[in-house]
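> Input file: structure30.cif. Contents: mmCIF, C-alpha atoms, pLDDT in the B column; chains and numbers go by the auth columns.
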```
data_input
#
loop_
_atom_site.group_PDB
_atom_site.id
_atom_site.type_symbol
_atom_site.label_atom_id
_atom_site.label_comp_id
_atom_site.label_asym_id
_atom_site.label_seq_id
_atom_site.Cartn_x
_atom_site.Cartn_y
_atom_site.Cartn_z
_atom_site.B_iso_or_equiv
_atom_site.auth_seq_id
_atom_site.auth_asym_id
ATOM 1 C CA MET A 1 -184.874 -18.145 27.935 46.00 781 Q
ATOM 2 C CA GLU A 2 -183.750 -19.883 24.782 47.00 782 Q
ATOM 3 C CA LYS A 3 -180.498 -17.869 24.794 45.00 783 Q
ATOM 4 C CA MET A 4 -179.765 -18.948 28.400 47.00 784 Q
ATOM 5 C CA VAL A 5 -180.211 -22.611 27.467 42.00 785 Q
ATOM 6 C CA ILE A 6 -177.838 -22.247 24.522 46.00 786 Q
ATOM 7 C CA VAL A 7 -175.245 -20.501 26.716 42.00 787 Q
ATOM 8 C CA GLY A 8 -175.514 -23.301 29.354 49.00 788 Q
ATOM 9 C CA ILE A 9 -174.989 -25.980 26.703 49.00 789 Q
ATOM 10 C CA LEU A 10 -171.921 -24.159 25.370 47.00 790 Q
ATOM 11 C CA LEU A 11 -170.486 -23.858 28.891 47.00 791 Q
ATOM 12 C CA MET A 12 -170.989 -27.597 29.514 55.00 792 Q
ATOM 13 C CA ILE A 13 -169.264 -28.416 26.202 50.00 793 Q
ATOM 14 C CA LEU A 14 -166.307 -26.163 27.028 48.00 794 Q
ATOM 15 C CA LEU A 15 -166.020 -27.635 30.550 46.00 795 Q
ATOM 16 C CA GLY A 16 -166.079 -31.196 29.172 50.00 796 Q
ATOM 17 C CA ALA A 17 -163.409 -30.376 26.608 48.00 797 Q
ATOM 18 C CA PHE A 18 -161.217 -28.853 29.347 46.00 798 Q
ATOM 19 C CA LEU A 19 -161.513 -31.900 31.610 44.00 799 Q
ATOM 20 C CA LEU A 20 -160.800 -34.280 28.721 44.00 800 Q
ATOM 21 C CA SER A 21 -157.613 -32.430 27.727 48.00 801 Q
ATOM 22 C CA ALA A 22 -156.410 -32.336 31.318 46.00 802 Q
ATOM 23 C CA GLY A 23 -156.887 -36.137 31.665 48.00 803 Q
ATOM 24 C CA CYS A 24 -154.940 -36.802 28.477 45.00 804 Q
ATOM 25 C CA SER A 25 -152.094 -34.572 29.635 44.00 805 Q
ATOM 26 C CA GLU A 26 -151.880 -36.359 33.017 44.00 806 Q
ATOM 27 C CA SER A 27 -151.833 -39.789 31.409 43.00 807 Q
ATOM 28 C CA SER A 28 -149.053 -38.749 29.018 42.00 808 Q
ATOM 29 C CA THR A 29 -146.756 -37.747 31.927 42.00 809 Q
ATOM 30 C CA LYS A 30 -147.052 -41.088 33.750 43.00 810 Q
ATOM 31 C CA THR A 31 -144.146 -43.586 33.382 41.00 811 Q
ATOM 32 C CA THR A 32 -144.548 -47.331 33.258 40.00 812 Q
ATOM 33 C CA PRO A 33 -142.475 -49.146 35.910 41.00 813 Q
ATOM 34 C CA THR A 34 -139.677 -51.256 34.446 40.00 814 Q
ATOM 35 C CA SER A 35 -140.321 -54.962 34.666 40.00 815 Q
ATOM 36 C CA PRO A 36 -137.940 -56.743 37.046 39.00 816 Q
ATOM 37 C CA ALA A 37 -137.011 -59.111 34.214 38.00 817 Q
ATOM 38 C CA THR A 38 -135.583 -56.207 32.222 35.00 818 Q
ATOM 39 C CA LEU A 39 -133.398 -54.826 35.011 33.00 819 Q
ATOM 40 C CA PRO A 40 -129.636 -55.523 34.630 36.00 820 Q
ATOM 41 C CA SER A 41 -128.331 -58.233 36.975 35.00 821 Q
ATOM 42 C CA ILE A 42 -125.160 -57.839 39.022 32.00 822 Q
ATOM 43 C CA ALA A 43 -123.097 -61.022 39.234 36.00 823 Q
ATOM 44 C CA THR A 44 -121.442 -61.558 42.585 36.00 824 Q
ATOM 45 C CA ALA A 45 -118.472 -63.889 42.868 35.00 825 Q
ATOM 46 C CA PRO A 46 -119.061 -66.753 45.287 40.00 826 Q
ATOM 47 C CA THR A 47 -117.152 -66.311 48.526 38.00 827 Q
ATOM 48 C CA SER A 48 -115.250 -69.303 49.844 41.00 828 Q
ATOM 49 C CA PRO A 49 -115.237 -69.933 53.589 46.00 829 Q
ATOM 50 C CA ALA A 50 -112.151 -68.552 55.323 52.00 830 Q
ATOM 51 C CA MET A 51 -109.479 -71.104 56.079 60.00 831 Q
ATOM 52 C CA THR A 52 -108.865 -71.303 59.817 76.00 832 Q
ATOM 53 C CA PRO A 53 -105.161 -71.627 60.677 84.00 833 Q
ATOM 54 C CA SER A 54 -104.505 -74.960 62.341 92.00 834 Q
ATOM 55 C CA LEU A 55 -102.162 -77.905 62.759 96.00 835 Q
ATOM 56 C CA SER A 56 -102.891 -80.771 60.378 97.00 836 Q
ATOM 57 C CA MET A 57 -101.398 -84.122 59.457 98.00 837 Q
ATOM 58 C CA ALA A 58 -101.912 -86.045 56.223 98.00 838 Q
ATOM 59 C CA THR A 59 -100.477 -88.860 54.131 98.00 839 Q
ATOM 60 C CA ASP A 60 -99.709 -88.521 50.437 98.00 840 Q
ATOM 61 C CA LYS A 61 -102.139 -91.336 49.534 98.00 841 Q
ATOM 62 C CA ILE A 62 -105.027 -93.234 51.094 98.00 842 Q
ATOM 63 C CA ARG A 63 -104.081 -96.724 49.828 98.00 843 Q
ATOM 64 C CA TYR A 64 -100.661 -98.370 49.831 98.00 844 Q
ATOM 65 C CA VAL A 65 -99.427 -101.712 48.590 98.00 845 Q
ATOM 66 C CA SER A 66 -96.944 -103.840 50.509 95.00 846 Q
ATOM 67 C CA ASP A 67 -93.503 -102.230 51.026 92.00 847 Q
ATOM 68 C CA GLU A 68 -94.638 -98.900 49.524 97.00 848 Q
ATOM 69 C CA LEU A 69 -93.319 -95.798 51.271 98.00 849 Q
ATOM 70 C CA VAL A 70 -95.941 -93.964 53.336 98.00 850 Q
ATOM 71 C CA ASN A 71 -95.150 -90.231 53.291 98.00 851 Q
ATOM 72 C CA LEU A 72 -96.456 -88.307 56.275 98.00 852 Q
ATOM 73 C CA THR A 73 -96.580 -84.496 56.557 98.00 853 Q
ATOM 74 C CA VAL A 74 -97.393 -82.448 59.643 98.00 854 Q
ATOM 75 C CA THR A 75 -98.264 -78.865 58.615 98.00 855 Q
ATOM 76 C CA ASN A 76 -98.246 -75.963 61.043 98.00 856 Q
ATOM 77 C CA SER A 77 -100.454 -73.222 59.565 97.00 857 Q
ATOM 78 C CA LEU A 78 -100.456 -71.262 62.817 97.00 858 Q
ATOM 79 C CA VAL A 79 -98.550 -68.033 63.431 96.00 859 Q
ATOM 80 C CA ILE A 80 -96.906 -69.545 66.513 97.00 860 Q
ATOM 81 C CA PRO A 81 -94.592 -72.556 66.886 97.00 861 Q
ATOM 82 C CA VAL A 82 -95.807 -76.008 67.854 98.00 862 Q
ATOM 83 C CA TRP A 83 -93.790 -78.202 70.219 98.00 863 Q
ATOM 84 C CA TYR A 84 -93.480 -81.992 70.269 98.00 864 Q
ATOM 85 C CA ILE A 85 -91.236 -84.772 71.577 97.00 865 Q
ATOM 86 C CA GLY A 86 -88.693 -85.806 68.944 97.00 866 Q
ATOM 87 C CA TYR A 87 -85.932 -88.389 69.016 96.00 867 Q
ATOM 88 C CA THR A 88 -82.372 -88.691 67.782 94.00 868 Q
ATOM 89 C CA GLN A 89 -82.589 -92.473 68.250 94.00 869 Q
ATOM 90 C CA PRO A 90 -83.398 -93.965 64.797 93.00 870 Q
ATOM 91 C CA ASP A 91 -85.719 -96.656 66.162 95.00 871 Q
ATOM 92 C CA LEU A 92 -88.026 -94.129 67.847 96.00 872 Q
ATOM 93 C CA VAL A 93 -90.461 -91.797 66.069 97.00 873 Q
ATOM 94 C CA PHE A 94 -92.467 -88.678 66.928 97.00 874 Q
ATOM 95 C CA TRP A 95 -95.734 -90.163 65.676 98.00 875 Q
ATOM 96 C CA GLU A 96 -97.933 -93.010 66.830 98.00 876 Q
ATOM 97 C CA LEU A 97 -99.729 -95.563 64.669 98.00 877 Q
ATOM 98 C CA GLU A 98 -103.326 -96.658 65.323 98.00 878 Q
ATOM 99 C CA ARG A 99 -105.216 -99.515 63.674 98.00 879 Q
ATOM 100 C CA ALA A 100 -108.979 -99.690 63.220 98.00 880 Q
ATOM 101 C CA GLN A 101 -110.556 -102.526 65.210 96.00 881 Q
ATOM 102 C CA SER A 102 -114.156 -103.586 65.727 94.00 882 Q
ATOM 103 C CA ASN A 103 -114.181 -101.746 69.067 93.00 883 Q
ATOM 104 C CA GLY A 104 -112.441 -98.577 67.840 96.00 884 Q
ATOM 105 C CA TRP A 105 -108.889 -97.410 67.227 98.00 885 Q
ATOM 106 C CA GLN A 106 -106.067 -99.278 68.944 97.00 886 Q
ATOM 107 C CA ARG A 107 -102.468 -98.117 69.213 97.00 887 Q
ATOM 108 C CA VAL A 108 -99.797 -100.322 67.624 97.00 888 Q
ATOM 109 C CA TYR A 109 -96.747 -100.576 69.888 95.00 889 Q
ATOM 110 C CA PHE A 110 -93.447 -101.062 68.066 95.00 890 Q
ATOM 111 C CA ARG A 111 -90.036 -99.651 67.254 94.00 891 Q
ATOM 112 C CA LEU A 112 -88.500 -99.123 63.841 96.00 892 Q
ATOM 113 C CA PRO A 113 -85.751 -101.316 62.345 95.00 893 Q
ATOM 114 C CA LEU A 114 -82.129 -100.226 62.540 94.00 894 Q
ATOM 115 C CA THR A 115 -79.782 -100.405 59.573 91.00 895 Q
ATOM 116 C CA GLU A 116 -76.605 -102.357 60.275 89.00 896 Q
ATOM 117 C CA GLY A 117 -74.228 -103.382 57.524 87.00 897 Q
ATOM 118 C CA GLY A 118 -76.721 -102.291 54.884 88.00 898 Q
ATOM 119 C CA LYS A 119 -79.398 -104.569 56.307 92.00 899 Q
ATOM 120 C CA GLU A 120 -82.468 -103.761 58.370 94.00 900 Q
ATOM 121 C CA VAL A 121 -82.534 -105.495 61.723 94.00 901 Q
ATOM 122 C CA CYS A 122 -84.584 -105.295 64.909 94.00 902 Q
ATOM 123 C CA GLU A 123 -82.727 -104.815 68.155 89.00 903 Q
ATOM 124 C CA ILE A 124 -84.562 -103.635 71.227 81.00 904 Q
ATOM 125 C CA ARG A 125 -82.271 -101.090 72.851 84.00 905 Q
ATOM 126 C CA LEU A 126 -82.573 -99.595 76.311 86.00 906 Q
ATOM 127 C CA TYR A 127 -81.829 -95.893 76.576 87.00 907 Q
ATOM 128 C CA GLU A 128 -80.866 -93.854 79.570 84.00 908 Q
ATOM 129 C CA ARG A 129 -83.374 -91.182 80.442 83.00 909 Q
ATOM 130 C CA PRO A 130 -84.349 -88.678 79.327 87.00 910 Q
ATOM 131 C CA VAL A 131 -85.347 -90.217 76.006 92.00 911 Q
ATOM 132 C CA GLY A 132 -86.345 -87.653 73.430 94.00 912 Q
ATOM 133 C CA ALA A 133 -86.322 -83.878 73.605 96.00 913 Q
ATOM 134 C CA VAL A 134 -88.779 -81.059 73.090 97.00 914 Q
ATOM 135 C CA MET A 135 -88.568 -79.949 69.452 98.00 915 Q
ATOM 136 C CA GLU A 136 -90.243 -77.242 67.398 97.00 916 Q
ATOM 137 C CA VAL A 137 -92.348 -77.022 64.261 98.00 917 Q
ATOM 138 C CA LYS A 138 -91.972 -73.390 63.226 97.00 918 Q
ATOM 139 C CA PRO A 139 -94.964 -71.333 62.035 97.00 919 Q
ATOM 140 C CA HIS A 140 -95.966 -71.998 58.430 97.00 920 Q
ATOM 141 C CA SER A 141 -93.602 -74.966 58.090 97.00 921 Q
ATOM 142 C CA ASP A 142 -93.819 -78.734 57.688 97.00 922 Q
ATOM 143 C CA LEU A 143 -92.514 -81.799 59.469 97.00 923 Q
ATOM 144 C CA ARG A 144 -92.083 -84.763 57.111 97.00 924 Q
ATOM 145 C CA TYR A 145 -91.424 -88.479 57.544 98.00 925 Q
ATOM 146 C CA GLY A 146 -91.283 -91.485 55.231 97.00 926 Q
ATOM 147 C CA TRP A 147 -92.231 -94.874 56.686 97.00 927 Q
ATOM 148 C CA GLY A 148 -91.537 -98.132 54.862 96.00 928 Q
ATOM 149 C CA GLN A 149 -94.272 -100.155 56.700 98.00 929 Q
ATOM 150 C CA LYS A 150 -91.736 -102.328 58.537 97.00 930 Q
ATOM 151 C CA ILE A 151 -91.821 -102.531 62.319 96.00 931 Q
ATOM 152 C CA CYS A 152 -90.126 -104.282 65.198 95.00 932 Q
ATOM 153 C CA PRO A 153 -92.837 -105.670 67.486 92.00 933 Q
ATOM 154 C CA LEU A 154 -92.014 -105.345 71.165 86.00 934 Q
ATOM 155 C CA LYS A 155 -90.769 -108.819 72.012 79.00 935 Q
ATOM 156 C CA THR A 156 -88.724 -110.275 74.836 71.00 936 Q
ATOM 157 C CA MET A 157 -85.667 -111.396 72.886 68.00 937 Q
ATOM 158 C CA THR A 158 -81.979 -111.382 73.731 65.00 938 Q
ATOM 159 C CA GLY A 159 -80.641 -110.960 70.205 78.00 939 Q
ATOM 160 C CA PRO A 160 -81.450 -109.238 66.922 89.00 940 Q
ATOM 161 C CA PHE A 161 -84.433 -110.422 64.862 91.00 941 Q
ATOM 162 C CA GLU A 162 -85.973 -109.717 61.476 92.00 942 Q
ATOM 163 C CA PRO A 163 -88.362 -106.775 61.057 95.00 943 Q
ATOM 164 C CA GLU A 164 -91.936 -107.489 60.007 95.00 944 Q
ATOM 165 C CA LEU A 165 -94.359 -105.790 57.669 97.00 945 Q
ATOM 166 C CA VAL A 166 -97.150 -104.263 59.697 97.00 946 Q
ATOM 167 C CA GLU A 167 -100.422 -106.190 59.493 97.00 947 Q
ATOM 168 C CA ARG A 168 -102.661 -105.233 56.585 97.00 948 Q
ATOM 169 C CA GLY A 169 -105.622 -103.095 57.510 98.00 949 Q
ATOM 170 C CA ARG A 170 -106.943 -99.565 58.029 98.00 950 Q
ATOM 171 C CA TYR A 171 -104.709 -97.131 59.911 98.00 951 Q
ATOM 172 C CA ARG A 172 -104.161 -93.530 60.953 98.00 952 Q
ATOM 173 C CA PHE A 173 -101.302 -91.555 62.530 98.00 953 Q
ATOM 174 C CA ALA A 174 -101.487 -89.606 65.787 98.00 954 Q
ATOM 175 C CA PHE A 175 -99.309 -86.645 66.736 98.00 955 Q
ATOM 176 C CA HIS A 176 -99.051 -85.232 70.263 98.00 956 Q
ATOM 177 C CA TYR A 177 -98.107 -81.564 70.530 98.00 957 Q
ATOM 178 C CA SER A 178 -98.337 -78.465 72.679 98.00 958 Q
ATOM 179 C CA LEU A 179 -98.527 -74.732 72.054 97.00 959 Q
ATOM 180 C CA ASP A 180 -96.084 -73.991 74.880 97.00 960 Q
ATOM 181 C CA THR A 181 -93.335 -75.535 77.001 97.00 961 Q
ATOM 182 C CA VAL A 182 -92.571 -75.620 80.721 96.00 962 Q
ATOM 183 C CA LYS A 183 -89.432 -76.148 82.764 95.00 963 Q
ATOM 184 C CA SER A 184 -89.324 -79.402 84.677 94.00 964 Q
ATOM 185 C CA GLU A 185 -89.238 -79.078 88.440 92.00 965 Q
ATOM 186 C CA ASN A 186 -86.676 -80.809 90.694 90.00 966 Q
ATOM 187 C CA ILE A 187 -84.475 -81.631 87.705 88.00 967 Q
ATOM 188 C CA GLU A 188 -81.377 -81.762 89.939 87.00 968 Q
ATOM 189 C CA THR A 189 -82.798 -84.510 92.137 90.00 969 Q
ATOM 190 C CA GLU A 190 -84.734 -86.308 89.375 89.00 970 Q
ATOM 191 C CA PRO A 191 -82.278 -86.628 86.471 85.00 971 Q
ATOM 192 C CA TRP A 192 -84.567 -88.971 84.516 87.00 972 Q
ATOM 193 C CA LYS A 193 -86.755 -85.983 83.632 90.00 973 Q
ATOM 194 C CA ARG A 194 -86.360 -83.856 80.520 93.00 974 Q
ATOM 195 C CA PRO A 195 -85.158 -80.326 81.367 93.00 975 Q
ATOM 196 C CA ILE A 196 -88.011 -78.920 79.278 95.00 976 Q
ATOM 197 C CA GLU A 197 -91.412 -80.571 78.905 96.00 977 Q
ATOM 198 C CA LEU A 198 -94.508 -79.921 76.858 97.00 978 Q
ATOM 199 C CA GLY A 199 -97.254 -77.751 78.299 97.00 979 Q
ATOM 200 C CA GLU A 200 -100.869 -78.759 77.858 97.00 980 Q
ATOM 201 C CA THR A 201 -100.814 -81.603 75.349 97.00 981 Q
ATOM 202 C CA LYS A 202 -103.141 -81.811 72.378 97.00 982 Q
ATOM 203 C CA ILE A 203 -103.463 -84.473 69.693 98.00 983 Q
ATOM 204 C CA VAL A 204 -104.127 -84.355 65.971 98.00 984 Q
ATOM 205 C CA TYR A 205 -104.904 -87.345 63.734 98.00 985 Q
ATOM 206 C CA SER A 206 -104.088 -87.944 60.116 98.00 986 Q
ATOM 207 C CA ASN A 207 -106.538 -89.103 57.498 98.00 987 Q
ATOM 208 C CA GLU A 208 -107.323 -92.809 57.442 98.00 988 Q
ATOM 209 C CA PHE A 209 -105.347 -94.941 55.000 98.00 989 Q
ATOM 210 C CA VAL A 210 -105.336 -98.576 53.974 98.00 990 Q
ATOM 211 C CA LEU A 211 -102.369 -100.929 53.788 98.00 991 Q
ATOM 212 C CA GLU A 212 -103.258 -103.559 51.202 96.00 992 Q
#
```
For the structure just supplied, provide its representation as structure tokens.

Amino acid sequence: MEKMVIVGILLMILLGAFLLSAGCSESSTKTTPTSPATLPSIATAPTSPAMTPSLSMATDKIRYVSDELVNLTVTNSLVIPVWYIGYTQPDLVFWELERAQSNGWQRVYFRLPLTEGGKEVCEIRLYERPVGAVMEVKPHSDLRYGWGQKICPLKTMTGPFEPELVERGRYRFAFHYSLDTVKSENIETEPWKRPIELGETKIVYSNEFVLE
């Protein structure tokens, strides 16, 4: 009986030693997860929003003093041409001028001065129709104009008169254009029409600017 007890104790000791060694071996094979703070970071360059091709109009400045030249640029970033009504007459322009009023934007009606004998003068001329022609702004090109702030208000006068500086205030330019053209109908019987006209007309505005 005593021998059986001693053998049982020895077996329990051997079994405990075996289990202990197995636990140590298992714990030695486990790996500790890497802390997120120690992982290498991958820097990604910020992506800028894609520029949408368009037609735009802008001035070179936003504030002008009296008599300073206002430089206007119409930029066609499209892959197709843009059509507008242009003029060979020096007192007519392809753009319109709008002034900010308390009730919104109001168009300023005028013509530009003519240069006669080295001097600027206003002379309201009447032109036979058609006045102006359909012209093109090619893809990825600009249309530029420099305006000296002088205008000829539309007056009922028989002779030439002095040009005036446009009233001081807040302004913007407007440009009417179309993405296509159409042939005018009945041109033989209605000679006052242009042979080619604009299709569906759109409008783009410049930035606002101040004439001080």
> From the list Q:Val873, Q:Ile976, Q:Leu945, Q:Leu894, which residue is nearest Glu992 in chain Q when using all atoms listed in the file?
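Going through Q:Val873, Q:Ile976, Q:Leu945, Q:Leu894 one by one, the smallest distance to Glu992 in chain Q is for Q:Leu945.
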> Just say which residues the PyMOL selection byres ((chain Q and resi 859) around 9) picks in this file, as a CSV table (one decimal) with C-alpha atoms, keeping the file's coordinate frame.

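Okay, this is what ended up in selection30.csv:
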```csv
chain,number,residue,atom,x,y,z
Q,833,PRO,CA,-105.2,-71.6,60.7
Q,856,ASN,CA,-98.2,-76.0,61.0
Q,857,SER,CA,-100.5,-73.2,59.6
Q,858,LEU,CA,-100.5,-71.3,62.8
Q,860,ILE,CA,-96.9,-69.5,66.5
Q,861,PRO,CA,-94.6,-72.6,66.9
Q,918,LYS,CA,-92.0,-73.4,63.2
Q,919,PRO,CA,-95.0,-71.3,62.0
Q,920,HIS,CA,-96.0,-72.0,58.4
```
> Which residue, Q:Pro943, Q:Pro971, Q:Gly949, Q:Gly979, has the smallest gap to Ser882 in chain Q when you use all atoms listed in the file?
Q:Gly949
> Which polymer residues have any atom within 9 Å of an atom of Arg952 in chain Q, counting all atoms listed in the file, with same-chain residues fewer than 2 positions away left out, as number ranges by chain?
Q: 876-880, 885, 950, 954, 985-990
> Can you work out the spacing between CA of Val984 in chain Q and CA of Met837 in chain Q in Å, to one decimal?
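We find that CA of Val984 in chain Q and CA of Met837 in chain Q lie 7.1 Å from each other.
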> Could you work out how far CA of Glu903 in chain Q lies from CA of Phe874 in chain Q, giving the answer in Å with one decimal?
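CA of Glu903 in chain Q lies at a distance of 18.9 Å from CA of Phe874 in chain Q.
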